Amino acid sequence: MRDVAIIGVGCTEFGELWDKSFREIFVEAGIGAIQDAGIQGGKIDALYVGNMSGGRFIEQEHIGALIADYAGLASLHIPSTRVEAACASGGLALRQGIIAVASGYHDIVIAGGAEKMTDVDVETTTDALASAADREWEGVMGATFPGLYAMIARLHMHRYGTTKEQLASVAVKNHHHGTMNPKAQFQNEITIDTVLNSVMVADPLHVFDCSPISDGASAVVLAPAEVAHKYTDTPIYVKASAQAGGTLSLHDRKDITTLDATLAAAKRAYEMAKVTPNDIDFAEVHDCFTIAEICAIEDLGFVKKGEGGKATQDGMTAIGGKIPVNTSGGLKACGHPVGATGVKQAVEITLQLRGEAGKRQVDGAEIGLTHNVGGTGGTAVVHIFGRER
Amino acid sequence: MSVPRFWRRLKNLYNLIGTQCKKCGEYHYPPRNLCPKCRRSSLIVPYKFKGLGEVQTYTIVHSSTKDYEKHTPYILAIIKLDEGPSLTSQVICDHAQIHIGMKVKSTFRRLGEESEKGMIYYGTKFIPLEG
């Protein structure tokens, strides 16, 4: 296997992009990444696109061909593959791209993700997102996506004494980080009271505990590490790419407050990168709901099980804290166009490791981790990146 | 969910019929064709659950998908059946009464409806065992 590097990144603004179509946002992100890498389109060997539900959100399948064609690559006959694992589609597309380069099958690969969620009414979006869970045994019983995470939160509070204020502190922190990210959907500060006084979605989760419905796209250019310096002075190296599965349904989980897919993916990633959780300087984790970030920092080994809420409240995961988490604003404030999220996490890590993250720059960032989850934990993808190979 | 998909599951949804693997003794609800423990050597038979269990965790859903919006707010829960497996369902009781560890029993109820003229879903929900 060859080592792999990121040599270019691109990302659209995240938000309600009424005046832009699905194909336009993907191409915007892709062109951004290609320009950043300083390569020509003819150099591209393959394209991987993370997309959860083109069929439901824009009534369009065959996303791979659409994207390649609209990017002007149809005449080059570049293979273009759509990858799906619900909200982990982006992370999975990135991993497929990395595998393609690592194996030697391709040299220059674009891994991207895109979702256009605001072209349909909110009920359709909610229902499409609910399809990340088991339709026949969860959805049909009235389970919504926030409802499932609310049940994780309820048990976490019961078992570990996690409070609603601690849940809210995740959203407050991520909104604060979002104020420093010009591409974030929400760039405004909020308070604990903003969260606690907002509309209840599924008790104990308020609307401000939930990531928003977003449009957006992101892309990275991957190359073999040995030639990365030909394209850029600051290649960012992929130190580990790991994916793990778990039960599709939350009710089948051994422990409802633990995403065992995250545990398994993290273990593989740490082994592959030969690092421990202590070596990680900062991370982008899957905070689709505030409780999800608390579970993530526990399951990734940054804190002990049950201590995620307190650690967040104490500022451990804020910029300036021991391990900054979701410097981009996370899914909560940067936005969560589901197929794009996993790739956007890698874009943020790359900007931080290059020292190009502007006001939200983490001092001394050497090793960063991304964590992308599909559904309530049926899929987890963990990547570790470093400035050094 | 489409009519054929629902129809195929009627006996499971109405009567809480799952499966048991005769090889290892493990019960499954929802039903499985393959035992996760014994896989290819599993010996799967249908099993009707007693319908008794305990609330493992719950939420009160205020914002639902279209088919269930007439029922909001409702209690969604994960219930661990006495035989071992856990399932997702709803608990019908006073919202102040619901708690983790609550003993419940199954009951036949309307789940949701597609529209005024659309299909009505029925299935198994749970009620408190006592009081």
# chains A, B, ... in the order shown; residues from 1 in each chain; ligands from 1
$ interface_residues --of "chain A" --to "chain B" --cutoff "8 Å" --atoms "only C-alpha atoms" --output "VMD selection string"
chain A and resid 123 126 to 127 135 to 138 140 to 144 147 150 to 152 154 to 155 200 to 204 251 to 252
$ residues_around --residues "range 342-355 of chain A" --least-positions-apart "6" --cutoff "8 Å" --atoms "only C-alpha atoms" --output "number ranges by chain"
A: 6, 9-11, 87-94, 111-113, 217-220, 234, 236, 283-285, 327-328, 361-362, 365-372, 385-387
$ closest_residue --among "B:Val45, B:Val104, B:Leu52, B:Ala96" --to "Asp82 in chain B" --atoms "only C-alpha atoms"
B:Leu52
$ closest_residue --among "A:Gly245, A:Gly330, A:Gly72, A:Gly50" --to "Val170 in chain A" --atoms "only C-alpha atoms"
A:Gly330
$ residues_around --residues "Phe126 in chain B" --least-positions-apart "4" --cutoff "6 Å" --atoms "only C-alpha atoms" --output "MDAnalysis selection string"
chainID B and resid 91 104:107
$ select_by_dssp --residues "range 268-324 of chain A" --states "helix (DSSP H, G or I)" --output "JSON, numbers by chain"
{"A": [268, 269, 270, 271, 272, 273, 277, 278, 279, 290, 291, 292, 293, 294, 295, 296, 297, 298, 299, 308, 309, 310, 311, 312, 313]}
